[in-house]
$ cat target-v1.cif   # mmCIF, N, CA and C atoms and all ligand atoms
data_input
#
loop_
_atom_site.label_atom_id
_atom_site.label_comp_id
_atom_site.auth_asym_id
_atom_site.auth_seq_id
_atom_site.Cartn_x
_atom_site.Cartn_y
_atom_site.Cartn_z
N MET E 1 -14.66 -23.46 8.65
CA MET E 1 -13.63 -22.78 7.86
C MET E 1 -13.23 -21.46 8.49
N SER E 2 -11.97 -21.17 8.52
CA SER E 2 -11.53 -19.89 9.06
C SER E 2 -11.72 -18.81 7.99
N ASP E 3 -11.59 -17.56 8.41
CA ASP E 3 -11.65 -16.45 7.46
C ASP E 3 -10.61 -16.65 6.36
N TYR E 4 -9.46 -17.11 6.79
CA TYR E 4 -8.36 -17.26 5.84
C TYR E 4 -8.68 -18.32 4.80
N ASP E 5 -9.19 -19.47 5.26
CA ASP E 5 -9.60 -20.53 4.32
C ASP E 5 -10.67 -20.02 3.37
N ASP E 6 -11.59 -19.22 3.92
CA ASP E 6 -12.63 -18.63 3.09
C ASP E 6 -12.05 -17.77 1.97
N LEU E 7 -11.05 -16.98 2.35
CA LEU E 7 -10.40 -16.10 1.38
C LEU E 7 -9.78 -16.90 0.24
N ILE E 8 -9.05 -17.93 0.62
CA ILE E 8 -8.36 -18.76 -0.37
C ILE E 8 -9.38 -19.43 -1.28
N HIS E 9 -10.43 -19.93 -0.66
CA HIS E 9 -11.48 -20.61 -1.40
C HIS E 9 -12.12 -19.66 -2.40
N ASN E 10 -12.44 -18.48 -1.93
CA ASN E 10 -13.07 -17.44 -2.74
C ASN E 10 -12.18 -17.06 -3.94
N LEU E 11 -10.90 -16.96 -3.68
CA LEU E 11 -9.93 -16.61 -4.73
C LEU E 11 -9.89 -17.69 -5.81
N ARG E 12 -9.81 -18.94 -5.37
CA ARG E 12 -9.72 -20.06 -6.32
C ARG E 12 -11.01 -20.18 -7.12
N ALA E 13 -12.15 -19.96 -6.41
CA ALA E 13 -13.45 -20.09 -7.08
C ALA E 13 -13.56 -19.08 -8.21
N ARG E 14 -12.85 -17.96 -8.09
CA ARG E 14 -12.89 -16.95 -9.13
C ARG E 14 -11.78 -17.15 -10.17
N GLY E 15 -11.11 -18.28 -10.07
CA GLY E 15 -10.13 -18.64 -11.09
C GLY E 15 -8.77 -17.98 -10.95
N HIS E 16 -8.48 -17.44 -9.73
CA HIS E 16 -7.18 -16.80 -9.54
C HIS E 16 -6.17 -17.78 -8.97
N ARG E 17 -4.94 -17.59 -9.34
CA ARG E 17 -3.89 -18.44 -8.81
C ARG E 17 -3.31 -17.82 -7.55
N LEU E 18 -3.07 -18.65 -6.56
CA LEU E 18 -2.45 -18.15 -5.36
C LEU E 18 -0.96 -18.48 -5.40
N THR E 19 -0.18 -17.54 -5.90
CA THR E 19 1.26 -17.75 -5.98
C THR E 19 1.85 -17.71 -4.57
N PRO E 20 3.07 -18.26 -4.37
CA PRO E 20 3.67 -18.22 -3.03
C PRO E 20 3.74 -16.80 -2.47
N GLN E 21 4.06 -15.85 -3.34
CA GLN E 21 4.15 -14.46 -2.89
C GLN E 21 2.81 -13.93 -2.38
N ARG E 22 1.75 -14.25 -3.11
CA ARG E 22 0.41 -13.81 -2.69
C ARG E 22 0.03 -14.45 -1.37
N ARG E 23 0.38 -15.72 -1.24
CA ARG E 23 0.07 -16.44 -0.01
C ARG E 23 0.80 -15.82 1.19
N LEU E 24 2.07 -15.48 1.00
CA LEU E 24 2.85 -14.89 2.09
C LEU E 24 2.26 -13.55 2.53
N VAL E 25 1.86 -12.74 1.57
CA VAL E 25 1.31 -11.43 1.90
C VAL E 25 -0.04 -11.58 2.62
N LEU E 26 -0.87 -12.49 2.12
CA LEU E 26 -2.17 -12.74 2.78
C LEU E 26 -1.97 -13.24 4.20
N GLU E 27 -0.99 -14.15 4.37
CA GLU E 27 -0.70 -14.68 5.70
C GLU E 27 -0.26 -13.59 6.66
N ALA E 28 0.61 -12.71 6.17
CA ALA E 28 1.11 -11.61 7.02
C ALA E 28 -0.06 -10.73 7.47
N LEU E 29 -0.96 -10.43 6.54
CA LEU E 29 -2.12 -9.59 6.88
C LEU E 29 -3.05 -10.31 7.84
N GLN E 30 -3.16 -11.63 7.65
CA GLN E 30 -4.02 -12.44 8.51
C GLN E 30 -3.51 -12.44 9.95
N HIS E 31 -2.17 -12.43 10.11
CA HIS E 31 -1.59 -12.50 11.45
C HIS E 31 -1.47 -11.15 12.12
N GLY E 32 -1.44 -10.08 11.32
CA GLY E 32 -1.42 -8.75 11.93
C GLY E 32 -2.81 -8.45 12.45
N ASP E 33 -2.92 -7.70 13.54
CA ASP E 33 -4.27 -7.47 14.05
C ASP E 33 -4.87 -6.16 13.56
N HIS E 34 -4.11 -5.40 12.79
CA HIS E 34 -4.67 -4.15 12.28
C HIS E 34 -4.07 -3.87 10.92
N HIS E 35 -4.20 -2.65 10.42
CA HIS E 35 -3.62 -2.34 9.12
C HIS E 35 -2.12 -2.51 9.16
N MET E 36 -1.55 -2.73 8.00
CA MET E 36 -0.10 -2.80 7.91
C MET E 36 0.35 -2.02 6.69
N SER E 37 1.54 -1.44 6.80
CA SER E 37 2.15 -0.82 5.63
C SER E 37 2.88 -1.92 4.86
N ALA E 38 3.28 -1.61 3.63
CA ALA E 38 4.02 -2.60 2.84
C ALA E 38 5.31 -2.99 3.56
N ASP E 39 5.96 -2.02 4.21
CA ASP E 39 7.20 -2.31 4.96
C ASP E 39 6.94 -3.28 6.11
N GLU E 40 5.84 -3.05 6.84
CA GLU E 40 5.52 -3.94 7.97
C GLU E 40 5.23 -5.35 7.47
N ILE E 41 4.58 -5.44 6.32
CA ILE E 41 4.29 -6.76 5.75
C ILE E 41 5.60 -7.46 5.39
N ALA E 42 6.52 -6.72 4.77
CA ALA E 42 7.82 -7.30 4.43
C ALA E 42 8.56 -7.77 5.68
N GLN E 43 8.51 -6.96 6.75
CA GLN E 43 9.18 -7.34 8.01
C GLN E 43 8.56 -8.59 8.62
N THR E 44 7.23 -8.66 8.55
CA THR E 44 6.54 -9.83 9.11
C THR E 44 6.94 -11.11 8.37
N ILE E 45 7.01 -11.02 7.05
CA ILE E 45 7.38 -12.19 6.26
C ILE E 45 8.81 -12.60 6.58
N THR E 46 9.72 -11.63 6.66
CA THR E 46 11.12 -11.93 6.98
C THR E 46 11.25 -12.57 8.36
N ALA E 47 10.45 -12.07 9.33
CA ALA E 47 10.51 -12.61 10.68
C ALA E 47 10.03 -14.06 10.72
N ARG E 48 8.99 -14.37 9.93
CA ARG E 48 8.44 -15.73 9.93
C ARG E 48 9.25 -16.69 9.09
N TYR E 49 9.77 -16.19 7.99
CA TYR E 49 10.51 -17.06 7.06
C TYR E 49 11.85 -16.41 6.71
N PRO E 50 12.83 -16.52 7.63
CA PRO E 50 14.10 -15.82 7.44
C PRO E 50 14.82 -16.20 6.14
N SER E 51 14.53 -17.38 5.60
CA SER E 51 15.26 -17.81 4.41
C SER E 51 14.69 -17.20 3.11
N ILE E 52 13.51 -16.60 3.20
CA ILE E 52 12.90 -16.03 2.00
C ILE E 52 13.36 -14.58 1.83
N SER E 53 13.82 -14.27 0.64
CA SER E 53 14.19 -12.87 0.42
C SER E 53 12.96 -12.10 -0.06
N VAL E 54 12.73 -10.97 0.58
CA VAL E 54 11.51 -10.21 0.32
C VAL E 54 11.85 -8.94 -0.43
N ASP E 55 11.27 -8.81 -1.60
CA ASP E 55 11.51 -7.64 -2.43
C ASP E 55 10.33 -6.66 -2.27
N PRO E 56 10.58 -5.46 -1.73
CA PRO E 56 9.48 -4.51 -1.46
C PRO E 56 8.64 -4.21 -2.71
N THR E 57 9.27 -4.17 -3.87
CA THR E 57 8.52 -3.89 -5.10
C THR E 57 7.50 -4.98 -5.37
N THR E 58 7.92 -6.23 -5.13
CA THR E 58 7.01 -7.36 -5.35
C THR E 58 5.87 -7.32 -4.35
N ILE E 59 6.19 -6.98 -3.10
CA ILE E 59 5.15 -6.88 -2.06
C ILE E 59 4.13 -5.84 -2.49
N TYR E 60 4.63 -4.72 -2.96
CA TYR E 60 3.76 -3.64 -3.37
C TYR E 60 2.87 -4.08 -4.53
N ARG E 61 3.46 -4.74 -5.52
CA ARG E 61 2.69 -5.19 -6.68
C ARG E 61 1.65 -6.22 -6.25
N THR E 62 2.04 -7.11 -5.33
CA THR E 62 1.10 -8.12 -4.82
C THR E 62 -0.07 -7.46 -4.11
N LEU E 63 0.22 -6.41 -3.32
CA LEU E 63 -0.85 -5.71 -2.61
C LEU E 63 -1.82 -5.05 -3.58
N ARG E 64 -1.29 -4.47 -4.66
CA ARG E 64 -2.18 -3.86 -5.66
C ARG E 64 -3.10 -4.92 -6.26
N TRP E 65 -2.51 -6.08 -6.54
CA TRP E 65 -3.29 -7.16 -7.13
C TRP E 65 -4.38 -7.61 -6.16
N LEU E 66 -4.01 -7.80 -4.89
CA LEU E 66 -4.98 -8.25 -3.88
C LEU E 66 -6.08 -7.21 -3.69
N ARG E 67 -5.72 -5.95 -3.87
CA ARG E 67 -6.72 -4.89 -3.80
C ARG E 67 -7.68 -5.00 -5.00
N ASP E 68 -7.10 -5.22 -6.17
CA ASP E 68 -7.92 -5.27 -7.39
C ASP E 68 -8.88 -6.45 -7.40
N VAL E 69 -8.53 -7.55 -6.71
CA VAL E 69 -9.47 -8.68 -6.65
C VAL E 69 -10.34 -8.60 -5.39
N ASN E 70 -10.27 -7.42 -4.71
CA ASN E 70 -11.15 -7.18 -3.57
C ASN E 70 -10.91 -8.04 -2.34
N LEU E 71 -9.68 -8.44 -2.12
CA LEU E 71 -9.37 -9.18 -0.89
C LEU E 71 -8.77 -8.26 0.15
N VAL E 72 -8.15 -7.20 -0.34
CA VAL E 72 -7.42 -6.30 0.54
C VAL E 72 -7.91 -4.88 0.28
N SER E 73 -8.05 -4.11 1.34
CA SER E 73 -8.39 -2.70 1.14
C SER E 73 -7.15 -1.86 1.36
N GLU E 74 -7.11 -0.75 0.67
CA GLU E 74 -5.97 0.15 0.76
C GLU E 74 -6.51 1.49 1.20
N THR E 75 -5.85 2.12 2.14
CA THR E 75 -6.29 3.45 2.52
C THR E 75 -5.05 4.30 2.76
N SER E 76 -5.19 5.61 2.56
CA SER E 76 -4.06 6.50 2.78
C SER E 76 -4.36 7.39 3.96
N LEU E 77 -3.41 7.49 4.89
CA LEU E 77 -3.59 8.41 6.01
C LEU E 77 -2.79 9.69 5.75
N GLY E 78 -2.55 9.99 4.48
CA GLY E 78 -1.83 11.21 4.12
C GLY E 78 -0.35 10.97 3.95
N GLN E 79 0.34 11.92 3.34
CA GLN E 79 1.80 11.82 3.09
C GLN E 79 2.21 10.49 2.46
N ASN E 80 1.37 9.98 1.55
CA ASN E 80 1.72 8.73 0.88
C ASN E 80 1.88 7.55 1.82
N HIS E 81 1.27 7.64 3.00
CA HIS E 81 1.39 6.57 3.97
C HIS E 81 0.25 5.58 3.73
N MET E 82 0.49 4.60 2.86
CA MET E 82 -0.56 3.66 2.50
C MET E 82 -0.62 2.51 3.51
N LEU E 83 -1.84 2.15 3.88
CA LEU E 83 -2.03 1.03 4.80
C LEU E 83 -2.94 0.01 4.15
N TYR E 84 -2.70 -1.26 4.47
CA TYR E 84 -3.45 -2.35 3.86
C TYR E 84 -4.05 -3.22 4.94
N ALA E 85 -5.20 -3.81 4.62
CA ALA E 85 -5.85 -4.72 5.55
C ALA E 85 -6.71 -5.69 4.75
N LEU E 86 -6.92 -6.87 5.32
CA LEU E 86 -7.86 -7.81 4.70
C LEU E 86 -9.24 -7.18 4.76
N LEU E 87 -9.96 -7.21 3.65
CA LEU E 87 -11.29 -6.59 3.65
C LEU E 87 -12.21 -7.23 4.67
N SER E 88 -12.10 -8.55 4.81
CA SER E 88 -13.00 -9.26 5.71
C SER E 88 -12.77 -8.88 7.17
N HIS E 89 -11.58 -8.33 7.47
CA HIS E 89 -11.25 -8.00 8.85
C HIS E 89 -11.54 -6.57 9.21
N HIS E 90 -11.95 -5.82 8.21
CA HIS E 90 -11.70 -4.41 8.38
C HIS E 90 -12.83 -3.54 7.94
N ASP E 91 -13.92 -3.60 8.66
CA ASP E 91 -15.07 -2.85 8.26
C ASP E 91 -15.15 -1.54 9.05
N HIS E 92 -14.47 -0.53 8.58
CA HIS E 92 -14.57 0.79 9.21
C HIS E 92 -13.94 1.82 8.27
N HIS E 93 -14.14 3.08 8.60
CA HIS E 93 -13.49 4.16 7.84
C HIS E 93 -12.71 5.01 8.83
N HIS E 94 -11.96 5.95 8.28
CA HIS E 94 -11.15 6.82 9.15
C HIS E 94 -11.47 8.29 8.95
N LEU E 95 -11.43 9.03 10.06
CA LEU E 95 -11.37 10.48 9.98
C LEU E 95 -9.94 10.85 10.35
N VAL E 96 -9.28 11.62 9.50
CA VAL E 96 -7.87 11.95 9.74
C VAL E 96 -7.74 13.46 9.91
N CYS E 97 -7.24 13.90 11.06
CA CYS E 97 -7.07 15.34 11.30
C CYS E 97 -5.79 15.82 10.62
N GLU E 98 -5.95 16.88 9.81
CA GLU E 98 -4.80 17.39 9.05
C GLU E 98 -3.86 18.23 9.90
N ILE E 99 -4.29 18.60 11.10
CA ILE E 99 -3.40 19.39 11.96
C ILE E 99 -2.65 18.49 12.94
N CYS E 100 -3.38 17.69 13.73
CA CYS E 100 -2.70 16.91 14.77
C CYS E 100 -2.50 15.44 14.35
N ASN E 101 -2.97 15.07 13.15
CA ASN E 101 -2.81 13.70 12.63
C ASN E 101 -3.55 12.62 13.41
N THR E 102 -4.46 13.05 14.29
CA THR E 102 -5.29 12.07 15.00
C THR E 102 -6.12 11.29 13.97
N VAL E 103 -6.24 9.97 14.21
CA VAL E 103 -7.06 9.13 13.34
C VAL E 103 -8.20 8.54 14.15
N ILE E 104 -9.41 8.78 13.70
CA ILE E 104 -10.59 8.26 14.41
C ILE E 104 -11.26 7.22 13.52
N GLU E 105 -11.56 6.05 14.08
CA GLU E 105 -12.26 5.03 13.30
C GLU E 105 -13.76 5.27 13.41
N ILE E 106 -14.45 5.22 12.26
CA ILE E 106 -15.89 5.44 12.30
C ILE E 106 -16.67 4.23 11.77
N ASP E 107 -17.93 4.20 12.15
CA ASP E 107 -18.86 3.15 11.77
C ASP E 107 -19.03 3.13 10.24
N PRO E 108 -18.85 1.99 9.58
CA PRO E 108 -18.97 1.95 8.12
C PRO E 108 -20.38 2.30 7.63
N LEU E 109 -21.37 2.13 8.48
CA LEU E 109 -22.76 2.41 8.05
C LEU E 109 -22.98 3.89 7.76
N ILE E 110 -22.09 4.75 8.28
CA ILE E 110 -22.22 6.18 8.04
C ILE E 110 -22.20 6.50 6.55
N LEU E 111 -21.44 5.73 5.78
CA LEU E 111 -21.33 6.01 4.35
C LEU E 111 -22.37 5.27 3.50
N GLU E 112 -23.17 4.44 4.16
CA GLU E 112 -24.15 3.65 3.42
C GLU E 112 -25.16 4.53 2.64
N PRO E 113 -25.69 5.61 3.27
CA PRO E 113 -26.61 6.48 2.50
C PRO E 113 -25.94 7.06 1.27
N LEU E 114 -24.67 7.41 1.37
CA LEU E 114 -23.94 7.96 0.22
C LEU E 114 -23.82 6.91 -0.89
N ARG E 115 -23.49 5.68 -0.48
CA ARG E 115 -23.36 4.60 -1.45
C ARG E 115 -24.67 4.40 -2.22
N LEU E 116 -25.78 4.37 -1.47
CA LEU E 116 -27.09 4.15 -2.10
C LEU E 116 -27.45 5.30 -3.04
N GLU E 117 -27.15 6.51 -2.61
CA GLU E 117 -27.45 7.70 -3.41
C GLU E 117 -26.64 7.69 -4.72
N LEU E 118 -25.39 7.33 -4.64
CA LEU E 118 -24.54 7.30 -5.84
C LEU E 118 -25.06 6.24 -6.80
N GLU E 119 -25.55 5.15 -6.23
CA GLU E 119 -26.06 4.08 -7.07
C GLU E 119 -27.36 4.51 -7.74
N SER E 120 -28.29 5.10 -6.98
CA SER E 120 -29.59 5.42 -7.57
C SER E 120 -29.50 6.61 -8.52
N ARG E 121 -28.68 7.61 -8.20
CA ARG E 121 -28.64 8.80 -9.05
C ARG E 121 -27.72 8.69 -10.24
N TYR E 122 -26.62 7.94 -10.06
CA TYR E 122 -25.64 7.88 -11.15
C TYR E 122 -25.43 6.46 -11.68
N GLY E 123 -26.11 5.48 -11.09
CA GLY E 123 -25.90 4.09 -11.49
C GLY E 123 -24.48 3.65 -11.22
N PHE E 124 -23.84 4.30 -10.24
CA PHE E 124 -22.43 4.08 -9.97
C PHE E 124 -22.25 3.17 -8.76
N ALA E 125 -21.45 2.11 -8.92
CA ALA E 125 -21.18 1.23 -7.79
C ALA E 125 -19.88 1.68 -7.12
N ALA E 126 -20.01 2.49 -6.09
CA ALA E 126 -18.83 3.07 -5.44
C ALA E 126 -18.10 2.03 -4.61
N ARG E 127 -16.76 2.08 -4.65
CA ARG E 127 -15.95 1.22 -3.80
C ARG E 127 -15.67 2.00 -2.52
N LEU E 128 -16.53 1.79 -1.53
CA LEU E 128 -16.43 2.60 -0.32
C LEU E 128 -15.92 1.78 0.86
N ALA E 129 -14.95 0.92 0.61
CA ALA E 129 -14.36 0.16 1.70
C ALA E 129 -13.15 0.91 2.24
N HIS E 130 -13.13 1.11 3.54
CA HIS E 130 -11.91 1.63 4.17
C HIS E 130 -11.48 2.99 3.61
N ILE E 131 -12.37 3.95 3.78
CA ILE E 131 -12.12 5.30 3.27
C ILE E 131 -11.47 6.15 4.36
N SER E 132 -10.58 7.04 3.97
CA SER E 132 -10.05 8.05 4.89
C SER E 132 -10.59 9.41 4.50
N ILE E 133 -11.20 10.08 5.46
CA ILE E 133 -11.75 11.41 5.22
C ILE E 133 -10.89 12.42 5.98
N PHE E 134 -10.37 13.41 5.27
CA PHE E 134 -9.45 14.37 5.88
C PHE E 134 -10.19 15.63 6.31
N GLY E 135 -9.73 16.24 7.39
CA GLY E 135 -10.36 17.46 7.87
C GLY E 135 -9.76 17.87 9.20
N LEU E 136 -10.58 18.54 10.02
CA LEU E 136 -10.10 19.00 11.32
C LEU E 136 -10.87 18.31 12.43
N CYS E 137 -10.16 17.81 13.44
CA CYS E 137 -10.84 17.16 14.56
C CYS E 137 -11.46 18.21 15.48
N ALA E 138 -12.29 17.75 16.40
CA ALA E 138 -13.03 18.66 17.28
C ALA E 138 -12.07 19.55 18.08
N ALA E 139 -10.97 18.97 18.57
CA ALA E 139 -10.03 19.74 19.37
C ALA E 139 -9.35 20.83 18.55
N CYS E 140 -8.94 20.49 17.32
CA CYS E 140 -8.22 21.46 16.47
C CYS E 140 -9.14 22.54 15.91
N ARG E 141 -10.44 22.30 15.89
CA ARG E 141 -11.35 23.32 15.39
C ARG E 141 -11.55 24.44 16.39
N ARG E 142 -11.24 24.18 17.66
CA ARG E 142 -11.47 25.18 18.69
C ARG E 142 -10.47 26.34 18.60
ZN ZN V 1 -8.54 1.30 8.89
ZN ZN V 2 -6.69 17.59 15.30
#
$ encode --input "target-v1.cif" --output "structure tokens" --more "lines below"
Ligand SMILES: [Zn+2]
Ligand SMILES: [Zn+2]
Amino acid sequence: MSDYDDLIHNLRARGHRLTPQRRLVLEALQHGDHHMSADEIAQTITARYPSISVDPTTIYRTLRWLRDVNLVSETSLGQNHMLYALLSHHDHHHLVCEICNTVIEIDPLILEPLRLELESRYGFAARLAHISIFGLCAACRR
């Protein structure tokens, strides 16, 4: 089974319906090799299926839904620039420099101690997938 088949299977097993719109958005994310904005997803769908009219509002709503069922992660690189990715494809976090806008991908295990601490001290199950941490990069700190 491919990752994509796994996703679909997982969704159905949890009793969710895969509407054509949801399928198109998942497919677009599956074919992109990195994060995509809602606009890029809309462009990808239009390029693959020119006869389908793509409504950005619907894409956005679909992405929120996919995020809520834990298939897609959402991260912001600042200025309301939201990016989406399949969770299964995308195990990392970002450091975002507020001066030069450099984005550094970091090892997801770095946040694991924080996740465990939040769980043991507060009984809180943190959603720590695909986090963006803002600050100053090494070059800009000099
Ligand atoms: Zn990312
Ligand atoms: Zn910087």
$ atom_distance --input "target-v1.cif" --atom1 "atom C of Ile52 in chain E" --atom2 "CA of Leu24 in chain E"
10.5 Å
$ atom_distance --input "target-v1.cif" --atom1 "CA of Leu18 in chain E" --atom2 "CA of His81 in chain E"
26.7 Å
$ residues_near_ligand --input "target-v1.cif" --ligand "ligand ZN 2 (chain V)" --cutoff "12 Å" --atoms "only C-alpha atoms and all ligand atoms" --output "number ranges by chain"
E: 95-104, 134-142
$ select_by_dssp --input "target-v1.cif" --residues "chain E" --states "helix (DSSP H, G or I)" --output "ChimeraX atom specification"
/E:3-13,20-31,38-48,56-68,87-89,108-122,138-141
$ residues_near_ligand --input "target-v1.cif" --ligand "ligand ZN 1 (chain V)" --cutoff "12 Å" --atoms "only C-alpha atoms and all ligand atoms" --output "ChimeraX atom specification"
/E:33-37,72-77,82-96,103-108,129-133
$ residues_around --input "target-v1.cif" --residues "Thr19 in chain E" --least-positions-apart "6" --cutoff "12 Å" --atoms "only C-alpha atoms" --output "list in words"
Ile8, Leu11, Arg12, Val25, Leu26, Thr58, Thr62, Trp65 and Leu66 of chain E
$ select_by_dssp --input "target-v1.cif" --residues "chain E" --states "strand (DSSP E or B)" --output "PyMOL selection string"
chain E and resi 36+72-76+82-86+93-97+103-106+132-135
$ closest_residue --input "target-v1.cif" --among "E:Gln79, E:Ser51, E:Gln30, E:Thr57" --to "Asp6 in chain E" --atoms "only C-alpha atoms"
E:Gln30
$ atom_distance --input "target-v1.cif" --atom1 "atom C of Asp39 in chain E" --atom2 "atom N of His9 in chain E"
25.0 Å
$ closest_residue --input "target-v1.cif" --among "E:Ala125, E:Val69, E:Leu109, E:Leu118" --to "Gly15 in chain E" --atoms "only C-alpha atoms"
E:Val69
$ closest_residue --input "target-v1.cif" --among "E:Glu117, E:Ile110, E:Asp5, E:Ala38" --to "Val54 in chain E" --atoms "only C-alpha atoms"
E:Ala38
$ closest_residue --input "target-v1.cif" --among "E:Arg64, E:Ile59, E:Leu116, E:Leu111" --to "Gln21 in chain E" --atoms "all atoms listed in the file"
E:Ile59
$ decode --input "target-v1.cif" --residues "range 57-85 of chain E" --atoms "C-alpha atoms" --output "PDB file, in the first residue's frame"
ATOM      1  CA  THR E  57     -12.739  29.211  -0.041  1.00  0.00           C
ATOM      2  CA  THR E  58     -13.629  25.544  -0.448  1.00  0.00           C
ATOM      3  CA  ILE E  59      -9.943  24.595  -0.656  1.00  0.00           C
ATOM      4  CA  TYR E  60      -9.318  26.484   2.532  1.00  0.00           C
ATOM      5  CA  ARG E  61     -12.261  24.864   4.327  1.00  0.00           C
ATOM      6  CA  THR E  62     -11.137  21.428   3.104  1.00  0.00           C
ATOM      7  CA  LEU E  63      -7.623  22.064   4.430  1.00  0.00           C
ATOM      8  CA  ARG E  64      -9.000  23.007   7.850  1.00  0.00           C
ATOM      9  CA  TRP E  65     -11.014  19.802   7.886  1.00  0.00           C
ATOM     10  CA  LEU E  66      -8.002  17.691   6.854  1.00  0.00           C
ATOM     11  CA  ARG E  67      -6.019  19.365   9.606  1.00  0.00           C
ATOM     12  CA  ASP E  68      -8.719  18.635  12.181  1.00  0.00           C
ATOM     13  CA  VAL E  69      -8.732  14.922  11.310  1.00  0.00           C
ATOM     14  CA  ASN E  70      -4.921  14.911  11.565  1.00  0.00           C
ATOM     15  CA  LEU E  71      -4.093  14.131   7.948  1.00  0.00           C
ATOM     16  CA  VAL E  72      -2.595  17.492   7.144  1.00  0.00           C
ATOM     17  CA  SER E  73      -0.402  19.787   9.185  1.00  0.00           C
ATOM     18  CA  GLU E  74      -0.633  23.530   9.000  1.00  0.00           C
ATOM     19  CA  THR E  75       2.184  25.876   9.823  1.00  0.00           C
ATOM     20  CA  SER E  76       2.642  29.618   9.520  1.00  0.00           C
ATOM     21  CA  LEU E  77       5.880  31.191   8.365  1.00  0.00           C
ATOM     22  CA  GLY E  78       4.616  34.621   9.421  1.00  0.00           C
ATOM     23  CA  GLN E  79       2.543  37.322   7.684  1.00  0.00           C
ATOM     24  CA  ASN E  80      -0.421  34.950   7.474  1.00  0.00           C
ATOM     25  CA  HIS E  81       1.535  32.779   5.062  1.00  0.00           C
ATOM     26  CA  MET E  82      -0.001  29.397   5.871  1.00  0.00           C
ATOM     27  CA  LEU E  83       1.556  26.243   4.474  1.00  0.00           C
ATOM     28  CA  TYR E  84       0.085  22.753   4.398  1.00  0.00           C
ATOM     29  CA  ALA E  85       1.587  19.303   4.106  1.00  0.00           C
TER      30      ALA E  85
END
